[in-house]
>>> print(open('data26.pdb').read())   # PDB, C-alpha atoms
ATOM      1  CA  MET A   1     -33.241  12.826   5.209
ATOM      2  CA  GLU A   2     -36.962  12.155   5.202
ATOM      3  CA  PRO A   3     -37.989   8.723   6.512
ATOM      4  CA  VAL A   4     -39.273   6.128   4.067
ATOM      5  CA  LYS A   5     -43.067   5.928   4.174
ATOM      6  CA  ALA A   6     -44.212   2.302   4.302
ATOM      7  CA  ILE A   7     -47.341   0.165   4.308
ATOM      8  CA  LEU A   8     -47.129  -3.216   6.061
ATOM      9  CA  VAL A   9     -49.255  -6.215   5.103
ATOM     10  CA  ASP A  10     -49.025  -9.370   7.213
ATOM     11  CA  ASP A  11     -51.729 -11.633   8.601
ATOM     12  CA  HIS A  12     -50.011 -12.071  11.975
ATOM     13  CA  PRO A  13     -51.029  -9.137  14.218
ATOM     14  CA  LEU A  14     -48.144  -9.612  16.648
ATOM     15  CA  PHE A  15     -45.547  -9.610  13.882
ATOM     16  CA  ARG A  16     -46.860  -6.560  12.025
ATOM     17  CA  LYS A  17     -47.275  -4.641  15.287
ATOM     18  CA  GLY A  18     -43.736  -5.509  16.342
ATOM     19  CA  LEU A  19     -42.325  -4.590  12.920
ATOM     20  CA  ALA A  20     -44.166  -1.267  12.915
ATOM     21  CA  GLU A  21     -42.831  -0.432  16.377
ATOM     22  CA  LEU A  22     -39.312  -1.416  15.315
ATOM     23  CA  PHE A  23     -39.467   0.890  12.290
ATOM     24  CA  GLU A  24     -40.882   3.783  14.264
ATOM     25  CA  HIS A  25     -38.242   3.412  16.971
ATOM     26  CA  ASP A  26     -35.434   3.314  14.396
ATOM     27  CA  GLY A  27     -36.699   6.454  12.681
ATOM     28  CA  ARG A  28     -35.657   5.640   9.109
ATOM     29  CA  ILE A  29     -39.063   4.194   8.190
ATOM     30  CA  ARG A  30     -42.430   5.768   9.000
ATOM     31  CA  VAL A  31     -45.384   3.388   8.882
ATOM     32  CA  LEU A  32     -48.412   4.936   7.190
ATOM     33  CA  GLY A  33     -50.623   1.947   7.851
ATOM     34  CA  VAL A  34     -50.810  -1.774   8.557
ATOM     35  CA  ALA A  35     -53.203  -4.432   7.294
ATOM     36  CA  GLY A  36     -53.821  -8.141   7.577
ATOM     37  CA  SER A  37     -54.595  -8.585   3.888
ATOM     38  CA  LEU A  38     -53.963  -6.821   0.619
ATOM     39  CA  ALA A  39     -57.668  -6.062   0.304
ATOM     40  CA  ASP A  40     -57.551  -4.159   3.603
ATOM     41  CA  ALA A  41     -54.394  -2.362   2.451
ATOM     42  CA  ARG A  42     -55.808  -1.134  -0.853
ATOM     43  CA  PRO A  43     -57.209   2.159   0.495
ATOM     44  CA  LEU A  44     -53.726   2.943   1.794
ATOM     45  CA  LEU A  45     -52.153   2.521  -1.646
ATOM     46  CA  ALA A  46     -53.792   5.722  -2.837
ATOM     47  CA  GLY A  47     -51.691   7.712  -0.355
ATOM     48  CA  GLN A  48     -48.083   8.841  -0.385
ATOM     49  CA  ALA A  49     -46.375   5.563   0.493
ATOM     50  CA  ASP A  50     -42.857   4.918  -0.794
ATOM     51  CA  VAL A  51     -42.958   1.137  -0.391
ATOM     52  CA  LEU A  52     -45.324  -1.776   0.254
ATOM     53  CA  ILE A  53     -43.890  -4.524   2.468
ATOM     54  CA  MET A  54     -45.912  -7.712   2.392
ATOM     55  CA  ASP A  55     -45.843 -11.362   3.342
ATOM     56  CA  LEU A  56     -46.225 -13.800   0.458
ATOM     57  CA  HIS A  57     -48.532 -16.176   2.286
ATOM     58  CA  LEU A  58     -51.697 -14.270   3.098
ATOM     59  CA  PRO A  59     -55.035 -15.909   3.955
ATOM     60  CA  GLY A  60     -57.079 -16.600   0.845
ATOM     61  CA  GLN A  61     -54.588 -14.920  -1.453
ATOM     62  CA  ASP A  62     -51.477 -15.876  -3.403
ATOM     63  CA  GLY A  63     -48.891 -13.194  -2.650
ATOM     64  CA  ILE A  64     -47.100 -13.727  -5.965
ATOM     65  CA  GLU A  65     -50.307 -13.257  -7.913
ATOM     66  CA  ALA A  66     -51.105 -10.206  -5.775
ATOM     67  CA  ILE A  67     -47.803  -8.553  -6.736
ATOM     68  CA  ARG A  68     -48.410  -9.317 -10.414
ATOM     69  CA  ARG A  69     -51.925  -7.910 -10.233
ATOM     70  CA  LEU A  70     -50.741  -4.714  -8.549
ATOM     71  CA  ARG A  71     -48.270  -4.168 -11.376
ATOM     72  CA  GLU A  72     -50.967  -4.817 -13.997
ATOM     73  CA  GLU A  73     -53.203  -2.288 -12.254
ATOM     74  CA  GLY A  74     -50.495   0.347 -12.475
ATOM     75  CA  VAL A  75     -49.463   0.455  -8.815
ATOM     76  CA  ARG A  76     -45.861   1.629  -9.130
ATOM     77  CA  ILE A  77     -44.570   1.870  -5.579
ATOM     78  CA  PRO A  78     -41.896  -0.761  -4.858
ATOM     79  CA  VAL A  79     -43.182  -4.016  -3.395
ATOM     80  CA  ILE A  80     -40.912  -5.976  -1.065
ATOM     81  CA  ALA A  81     -41.699  -9.537  -0.038
ATOM     82  CA  LEU A  82     -40.888 -10.160   3.639
ATOM     83  CA  THR A  83     -41.411 -13.841   4.268
ATOM     84  CA  MET A  84     -40.323 -16.977   6.098
ATOM     85  CA  SER A  85     -39.843 -18.887   2.838
ATOM     86  CA  ASP A  86     -36.250 -19.365   1.710
ATOM     87  CA  ALA A  87     -37.388 -21.421  -1.293
ATOM     88  CA  GLU A  88     -35.597 -20.484  -4.502
ATOM     89  CA  GLU A  89     -38.780 -20.851  -6.528
ATOM     90  CA  ASP A  90     -40.662 -18.406  -4.290
ATOM     91  CA  MET A  91     -37.947 -15.783  -4.711
ATOM     92  CA  ALA A  92     -37.855 -16.332  -8.464
ATOM     93  CA  ALA A  93     -41.624 -16.017  -8.758
ATOM     94  CA  ALA A  94     -41.749 -12.864  -6.607
ATOM     95  CA  LEU A  95     -39.020 -11.079  -8.562
ATOM     96  CA  ARG A  96     -40.504 -12.091 -11.903
ATOM     97  CA  ALA A  97     -43.905 -10.832 -10.760
ATOM     98  CA  GLY A  98     -42.376  -7.415 -10.160
ATOM     99  CA  ALA A  99     -41.191  -7.371  -6.542
ATOM    100  CA  ARG A 100     -38.304  -4.989  -5.863
ATOM    101  CA  GLY A 101     -36.968  -7.190  -3.076
ATOM    102  CA  TYR A 102     -37.119 -10.536  -1.314
ATOM    103  CA  LEU A 103     -36.288 -10.448   2.395
ATOM    104  CA  LEU A 104     -36.525 -13.072   5.119
ATOM    105  CA  LYS A 105     -38.109 -12.655   8.525
ATOM    106  CA  SER A 106     -35.010 -14.292  10.007
ATOM    107  CA  MET A 107     -32.826 -11.316   9.000
ATOM    108  CA  GLU A 108     -31.401  -8.878  11.520
ATOM    109  CA  PRO A 109     -33.615  -5.772  11.946
ATOM    110  CA  ASP A 110     -30.896  -3.392  10.767
ATOM    111  CA  GLU A 111     -30.390  -5.489   7.619
ATOM    112  CA  VAL A 112     -34.110  -5.316   6.833
ATOM    113  CA  ILE A 113     -34.270  -1.551   7.337
ATOM    114  CA  ASP A 114     -31.154  -0.939   5.261
ATOM    115  CA  ALA A 115     -32.451  -3.164   2.446
ATOM    116  CA  ILE A 116     -35.823  -1.398   2.377
ATOM    117  CA  ALA A 117     -34.117   1.991   2.132
ATOM    118  CA  ARG A 118     -31.971   0.771  -0.766
ATOM    119  CA  ALA A 119     -34.999  -0.687  -2.550
ATOM    120  CA  VAL A 120     -36.752   2.673  -2.376
ATOM    121  CA  ARG A 121     -33.667   4.227  -3.987
ATOM    122  CA  GLY A 122     -34.050   1.824  -6.909
ATOM    123  CA  GLU A 123     -32.023  -1.267  -6.012
ATOM    124  CA  VAL A 124     -33.295  -4.824  -6.161
ATOM    125  CA  VAL A 125     -32.586  -6.294  -2.723
ATOM    126  CA  VAL A 126     -32.491  -9.894  -1.540
ATOM    127  CA  ALA A 127     -31.734 -11.507   1.806
ATOM    128  CA  PRO A 128     -28.038 -12.398   2.209
ATOM    129  CA  ALA A 129     -28.991 -16.074   2.610
ATOM    130  CA  MET A 130     -30.622 -15.966  -0.834
ATOM    131  CA  THR A 131     -27.647 -14.540  -2.759
ATOM    132  CA  ALA A 132     -26.252 -17.884  -3.944
ATOM    133  CA  LYS A 133     -29.746 -18.929  -5.031
ATOM    134  CA  LEU A 134     -30.077 -15.705  -6.988
ATOM    135  CA  VAL A 135     -26.857 -16.556  -8.814
ATOM    136  CA  ARG A 136     -28.371 -19.833 -10.002
ATOM    137  CA  LEU A 137     -31.499 -18.033 -11.157
ATOM    138  CA  LEU A 138     -29.478 -15.625 -13.248
ATOM    139  CA  ASP A 139     -27.672 -18.505 -14.995
ATOM    140  CA  PRO A 140     -24.585 -16.344 -15.419
ATOM    141  CA  LYS A 141     -22.032 -16.710 -18.178
ATOM    142  CA  PRO A 142     -18.293 -16.440 -17.502
ATOM    143  CA  ASP A 143     -16.656 -13.070 -18.078
ATOM    144  CA  ALA A 144     -13.345 -11.348 -17.498
ATOM    145  CA  ALA A 145     -13.703 -11.359 -13.727
ATOM    146  CA  GLY A 146     -10.022 -11.581 -12.937
ATOM    147  CA  SER A 147      -9.010  -8.492 -14.867
ATOM    148  CA  LEU A 148     -11.738  -6.422 -13.244
ATOM    149  CA  MET A 149     -10.853  -7.696  -9.797
ATOM    150  CA  ASP A 150      -7.248  -6.637 -10.333
ATOM    151  CA  GLN A 151      -8.479  -3.054 -10.248
ATOM    152  CA  LEU A 152      -9.724  -3.366  -6.668
ATOM    153  CA  THR A 153      -7.564  -2.275  -3.757
ATOM    154  CA  PRO A 154      -7.221  -4.601  -0.742
ATOM    155  CA  ARG A 155      -9.722  -2.455   1.152
ATOM    156  CA  GLU A 156     -12.201  -2.601  -1.730
ATOM    157  CA  ARG A 157     -11.881  -6.394  -1.745
ATOM    158  CA  GLU A 158     -12.779  -6.353   1.957
ATOM    159  CA  ILE A 159     -15.799  -4.219   1.130
ATOM    160  CA  LEU A 160     -16.829  -6.643  -1.623
ATOM    161  CA  ASP A 161     -16.556  -9.531   0.823
ATOM    162  CA  CYS A 162     -18.841  -7.673   3.239
ATOM    163  CA  LEU A 163     -21.348  -7.020   0.461
ATOM    164  CA  THR A 164     -21.319 -10.715  -0.384
ATOM    165  CA  ARG A 165     -22.254 -11.445   3.225
ATOM    166  CA  GLY A 166     -25.143  -8.973   3.002
ATOM    167  CA  LYS A 167     -23.672  -6.462   5.438
ATOM    168  CA  SER A 168     -25.260  -3.026   5.739
ATOM    169  CA  ASN A 169     -23.101   0.117   5.547
ATOM    170  CA  LYS A 170     -23.327   0.451   9.328
ATOM    171  CA  ALA A 171     -22.253  -3.161   9.875
ATOM    172  CA  ILE A 172     -19.356  -2.790   7.428
ATOM    173  CA  ALA A 173     -18.194   0.365   9.169
ATOM    174  CA  GLN A 174     -18.213  -1.417  12.516
ATOM    175  CA  GLU A 175     -16.412  -4.498  11.192
ATOM    176  CA  LEU A 176     -13.671  -2.548   9.411
ATOM    177  CA  ALA A 177     -13.457   0.302  11.948
ATOM    178  CA  ILE A 178     -14.079   3.030   9.356
ATOM    179  CA  SER A 179     -16.767   5.696   8.972
ATOM    180  CA  ILE A 180     -20.056   5.082   7.170
ATOM    181  CA  ASP A 181     -19.160   7.822   4.657
ATOM    182  CA  THR A 182     -15.918   5.974   3.882
ATOM    183  CA  VAL A 183     -17.874   2.752   3.393
ATOM    184  CA  LYS A 184     -20.206   4.501   0.944
ATOM    185  CA  LEU A 185     -17.215   5.815  -1.013
ATOM    186  CA  HIS A 186     -15.633   2.352  -1.206
ATOM    187  CA  VAL A 187     -18.931   0.773  -2.277
ATOM    188  CA  ARG A 188     -19.265   3.309  -5.100
ATOM    189  CA  ASN A 189     -15.700   2.584  -6.186
ATOM    190  CA  VAL A 190     -16.293  -1.184  -6.174
ATOM    191  CA  LEU A 191     -19.445  -0.824  -8.284
ATOM    192  CA  THR A 192     -17.710   1.513 -10.724
ATOM    193  CA  LYS A 193     -14.646  -0.692 -11.178
ATOM    194  CA  LEU A 194     -16.741  -3.835 -11.678
ATOM    195  CA  ASN A 195     -19.186  -2.058 -14.026
ATOM    196  CA  LEU A 196     -22.126  -2.860 -11.751
ATOM    197  CA  SER A 197     -25.085  -0.792 -10.586
ATOM    198  CA  SER A 198     -26.127  -2.246  -7.217
ATOM    199  CA  ARG A 199     -24.926  -4.029  -4.096
ATOM    200  CA  VAL A 200     -26.900  -7.130  -5.047
ATOM    201  CA  GLU A 201     -25.118  -7.284  -8.398
ATOM    202  CA  ALA A 202     -21.781  -6.976  -6.592
ATOM    203  CA  ALA A 203     -22.654  -9.823  -4.247
ATOM    204  CA  VAL A 204     -23.851 -11.988  -7.137
ATOM    205  CA  TYR A 205     -20.713 -11.159  -9.104
ATOM    206  CA  ALA A 206     -18.450 -12.215  -6.237
ATOM    207  CA  VAL A 207     -20.311 -15.462  -5.562
ATOM    208  CA  ARG A 208     -20.523 -16.254  -9.280
ATOM    209  CA  HIS A 209     -16.781 -16.077  -9.744
ATOM    210  CA  ASP A 210     -15.811 -17.402  -6.312
ATOM    211  CA  LEU A 211     -13.797 -14.223  -5.839
ATOM    212  CA  ARG A 212     -13.887 -14.152  -2.068
ATOM    213  CA  LYS A 213     -11.130 -16.790  -2.017
ATOM    214  CA  GLY A 214      -8.893 -14.300  -3.757
ATOM    215  CA  LYS A 215      -8.993 -11.762  -0.939
TER     216      LYS A 215
END
>>> encode(input="data26.pdb", output="structure tokens")
Amino acid sequence: MEPVKAILVDDHPLFRKGLAELFEHDGRIRVLGVAGSLADARPLLAGQADVLIMDLHLPGQDGIEAIRRLREEGVRIPVIALTMSDAEEDMAAALRAGARGYLLKSMEPDEVIDAIARAVRGEVVVAPAMTAKLVRLLDPKPDAAGSLMDQLTPREREILDCLTRGKSNKAIAQELAISIDTVKLHVRNVLTKLNLSSRVEAAVYAVRHDLRKGK
């Protein structure tokens, strides 16, 4: 599989250099360019990038407004916020502005890489620590959770629990001592049985209904 082609925007040279080296070493993400501001990154946006990864707090620029402006200008590559802020309002503003994801710099490297790959495939991704906050933002209404959950096998409930904790496929495979392909199959089954379309929705669904206690 071809690596994801990314542009990194962060005003801290040490961080963006370290992140670029991490991606290159992992091999799943190829960095096309790095910049300290969105203005410096603009020439790169005309290339073949698959995703723009940017901090929200850039010098002289509001990251939320920057995402909104990119969308208004017709820039269609996914934008992922990678930030230190775990504030619910920042996540809400970023997603409403058009960000495909909201990740925290405190996340494990493998979690960040896995989330970026899923965002490029069309999922909305959020840091595991932000899942409960996302539930509140969605203001969910009760539904027939119990009857849907009854369709899940014990193993699928374990998979759902792992998704709720933000585990990547690799981490789930290691925790449950199964292959990554088996994890992918179980994840697809969980999403199908719960009538959901993404891992984030599955995690939100589980937290919303407090279903982890029913494992």
>>> resolve_selection(input="data26.pdb", expression="the PyMOL selection byres ((chain A and resi 182-188) around 8)", output="list in words")
Arg155, Glu156, Ile159, Leu160, Asn169, Ile172, Ala173, Ile178, Ser179, Ile180, Asp181, Asn189, Val190, Leu191, Thr192 and Arg199 of chain A
>>> atom_distance(input="data26.pdb", atom1="CA of Ser168 in chain A", atom2="CA of Met107 in chain A")
11.7 Å
>>> closest_residue(input="data26.pdb", among="A:Val200, A:Ala93, A:Ala171, A:Ile67", to="Ala127 in chain A", atoms="all atoms listed in the file")
A:Val200
>>> resolve_selection(input="data26.pdb", expression="the PyMOL selection byres ((chain A and resi 30-44) around 7)", output="list of chain:residue names")
A:Pro3, A:Val4, A:Lys5, A:Ala6, A:Ile7, A:Leu8, A:Val9, A:Asp10, A:Asp11, A:Ala20, A:Phe23, A:Glu24, A:Gly27, A:Arg28, A:Ile29, A:Leu45, A:Ala46, A:Gly47, A:Leu58
>>> atom_distance(input="data26.pdb", atom1="CA of Gln61 in chain A", atom2="CA of Asp90 in chain A")
14.6 Å
>>> resolve_selection(input="data26.pdb", expression="the PyMOL selection byres ((chain A and resi 114-118) around 9)", output="PyMOL selection string")
chain A and resi 3-4+28-29+51+53+80+101+103+109-113+119-127+168-170
>>> residues_around(input="data26.pdb", residues="Leu194 in chain A", least_positions_apart="5", cutoff="8 Å", atoms="only C-alpha atoms", output="PyMOL selection string")
chain A and resi 148-149+202
>>> axis_aligned_box(input="data26.pdb", around="range 81-95 of chain A", padding_each_side="3 Å", output="JSON")
{"center_x": -38.7, "center_y": -15.5, "center_z": -1.3, "size_x": 12.2, "size_y": 17.9, "size_z": 20.9}
>>> atom_distance(input="data26.pdb", atom1="CA of Ala49 in chain A", atom2="CA of Glu65 in chain A")
21.0 Å
>>> residues_around(input="data26.pdb", residues="Leu82 in chain A", least_positions_apart="4", cutoff="8 Å", atoms="only C-alpha atoms", output="PyMOL selection string")
chain A and resi 53-56+102-105
>>> residues_around(input="data26.pdb", residues="His57 in chain A", least_positions_apart="5", cutoff="8 Å", atoms="all atoms listed in the file", output="ChimeraX atom specification")
/A:62-63,83
>>> decode(input="data26.pdb", residues="range 84-95 of chain A", atoms="all heavy atoms", output="PDB file, in the first residue's frame")
ATOM      1  N   MET A  84      -2.000  20.472  21.549  1.00  0.00           N
ATOM      2  CA  MET A  84      -1.896  20.187  22.979  1.00  0.00           C
ATOM      3  C   MET A  84      -3.229  20.384  23.692  1.00  0.00           C
ATOM      4  O   MET A  84      -3.439  19.885  24.790  1.00  0.00           O
ATOM      5  CB  MET A  84      -0.857  21.112  23.621  1.00  0.00           C
ATOM      6  CG  MET A  84       0.587  20.819  23.223  1.00  0.00           C
ATOM      7  SD  MET A  84       1.161  19.232  23.863  1.00  0.00           S
ATOM      8  CE  MET A  84       1.131  19.557  25.630  1.00  0.00           C
ATOM      9  N   SER A  85      -4.143  21.119  23.064  1.00  0.00           N
ATOM     10  CA  SER A  85      -5.387  21.513  23.730  1.00  0.00           C
ATOM     11  C   SER A  85      -6.386  20.361  23.799  1.00  0.00           C
ATOM     12  O   SER A  85      -6.816  19.830  22.774  1.00  0.00           O
ATOM     13  CB  SER A  85      -6.041  22.682  22.991  1.00  0.00           C
ATOM     14  OG  SER A  85      -7.314  22.958  23.541  1.00  0.00           O
ATOM     15  N   ASP A  86      -6.780  20.007  25.029  1.00  0.00           N
ATOM     16  CA  ASP A  86      -7.832  19.008  25.198  1.00  0.00           C
ATOM     17  C   ASP A  86      -9.156  19.681  25.580  1.00  0.00           C
ATOM     18  O   ASP A  86     -10.042  19.052  26.156  1.00  0.00           O
ATOM     19  CB  ASP A  86      -7.440  17.967  26.250  1.00  0.00           C
ATOM     20  CG  ASP A  86      -7.233  18.567  27.632  1.00  0.00           C
ATOM     21  OD1 ASP A  86      -7.306  19.816  27.767  1.00  0.00           O
ATOM     22  OD2 ASP A  86      -6.974  17.794  28.580  1.00  0.00           O
ATOM     23  N   ALA A  87      -9.298  20.951  25.207  1.00  0.00           N
ATOM     24  CA  ALA A  87     -10.515  21.698  25.514  1.00  0.00           C
ATOM     25  C   ALA A  87     -11.637  21.270  24.572  1.00  0.00           C
ATOM     26  O   ALA A  87     -11.456  21.210  23.350  1.00  0.00           O
ATOM     27  CB  ALA A  87     -10.268  23.199  25.373  1.00  0.00           C
ATOM     28  N   GLU A  88     -12.779  20.965  25.150  1.00  0.00           N
ATOM     29  CA  GLU A  88     -13.936  20.529  24.367  1.00  0.00           C
ATOM     30  C   GLU A  88     -14.327  21.558  23.314  1.00  0.00           C
ATOM     31  O   GLU A  88     -14.657  21.215  22.175  1.00  0.00           O
ATOM     32  CB  GLU A  88     -15.108  20.264  25.310  1.00  0.00           C
ATOM     33  CG  GLU A  88     -16.356  19.740  24.644  1.00  0.00           C
ATOM     34  CD  GLU A  88     -17.427  19.408  25.668  1.00  0.00           C
ATOM     35  OE1 GLU A  88     -17.107  18.759  26.689  1.00  0.00           O
ATOM     36  OE2 GLU A  88     -18.593  19.798  25.448  1.00  0.00           O
ATOM     37  N   GLU A  89     -14.256  22.839  23.684  1.00  0.00           N
ATOM     38  CA  GLU A  89     -14.669  23.876  22.745  1.00  0.00           C
ATOM     39  C   GLU A  89     -13.730  23.979  21.544  1.00  0.00           C
ATOM     40  O   GLU A  89     -14.161  24.296  20.426  1.00  0.00           O
ATOM     41  CB  GLU A  89     -14.776  25.239  23.439  1.00  0.00           C
ATOM     42  CG  GLU A  89     -13.511  25.725  24.142  1.00  0.00           C
ATOM     43  CD  GLU A  89     -13.430  25.283  25.601  1.00  0.00           C
ATOM     44  OE1 GLU A  89     -14.075  24.275  25.958  1.00  0.00           O
ATOM     45  OE2 GLU A  89     -12.725  25.967  26.372  1.00  0.00           O
ATOM     46  N   ASP A  90     -12.432  23.700  21.761  1.00  0.00           N
ATOM     47  CA  ASP A  90     -11.495  23.719  20.641  1.00  0.00           C
ATOM     48  C   ASP A  90     -11.794  22.583  19.664  1.00  0.00           C
ATOM     49  O   ASP A  90     -11.761  22.765  18.444  1.00  0.00           O
ATOM     50  CB  ASP A  90     -10.052  23.603  21.146  1.00  0.00           C
ATOM     51  CG  ASP A  90      -9.529  24.918  21.720  1.00  0.00           C
ATOM     52  OD1 ASP A  90     -10.166  25.961  21.482  1.00  0.00           O
ATOM     53  OD2 ASP A  90      -8.486  24.890  22.402  1.00  0.00           O
ATOM     54  N   MET A  91     -12.070  21.397  20.207  1.00  0.00           N
ATOM     55  CA  MET A  91     -12.415  20.271  19.339  1.00  0.00           C
ATOM     56  C   MET A  91     -13.692  20.563  18.567  1.00  0.00           C
ATOM     57  O   MET A  91     -13.764  20.331  17.351  1.00  0.00           O
ATOM     58  CB  MET A  91     -12.579  18.984  20.148  1.00  0.00           C
ATOM     59  CG  MET A  91     -13.001  17.785  19.292  1.00  0.00           C
ATOM     60  SD  MET A  91     -13.111  16.229  20.205  1.00  0.00           S
ATOM     61  CE  MET A  91     -14.490  16.589  21.311  1.00  0.00           C
ATOM     62  N   ALA A  92     -14.699  21.086  19.262  1.00  0.00           N
ATOM     63  CA  ALA A  92     -15.969  21.383  18.607  1.00  0.00           C
ATOM     64  C   ALA A  92     -15.764  22.386  17.475  1.00  0.00           C
ATOM     65  O   ALA A  92     -16.281  22.205  16.363  1.00  0.00           O
ATOM     66  CB  ALA A  92     -16.963  21.932  19.630  1.00  0.00           C
ATOM     67  N   ALA A  93     -15.009  23.428  17.745  1.00  0.00           N
ATOM     68  CA  ALA A  93     -14.783  24.465  16.739  1.00  0.00           C
ATOM     69  C   ALA A  93     -14.017  23.920  15.536  1.00  0.00           C
ATOM     70  O   ALA A  93     -14.328  24.245  14.388  1.00  0.00           O
ATOM     71  CB  ALA A  93     -14.029  25.638  17.362  1.00  0.00           C
ATOM     72  N   ALA A  94     -13.011  23.071  15.791  1.00  0.00           N
ATOM     73  CA  ALA A  94     -12.213  22.511  14.701  1.00  0.00           C
ATOM     74  C   ALA A  94     -13.061  21.611  13.801  1.00  0.00           C
ATOM     75  O   ALA A  94     -12.995  21.700  12.567  1.00  0.00           O
ATOM     76  CB  ALA A  94     -11.026  21.736  15.269  1.00  0.00           C
ATOM     77  N   LEU A  95     -13.858  20.748  14.400  1.00  0.00           N
ATOM     78  CA  LEU A  95     -14.686  19.835  13.615  1.00  0.00           C
ATOM     79  C   LEU A  95     -15.763  20.601  12.848  1.00  0.00           C
ATOM     80  O   LEU A  95     -16.055  20.283  11.684  1.00  0.00           O
ATOM     81  CB  LEU A  95     -15.316  18.782  14.522  1.00  0.00           C
ATOM     82  CG  LEU A  95     -14.329  17.822  15.216  1.00  0.00           C
ATOM     83  CD1 LEU A  95     -15.074  16.851  16.128  1.00  0.00           C
ATOM     84  CD2 LEU A  95     -13.493  17.057  14.195  1.00  0.00           C
TER      85      LEU A  95
END
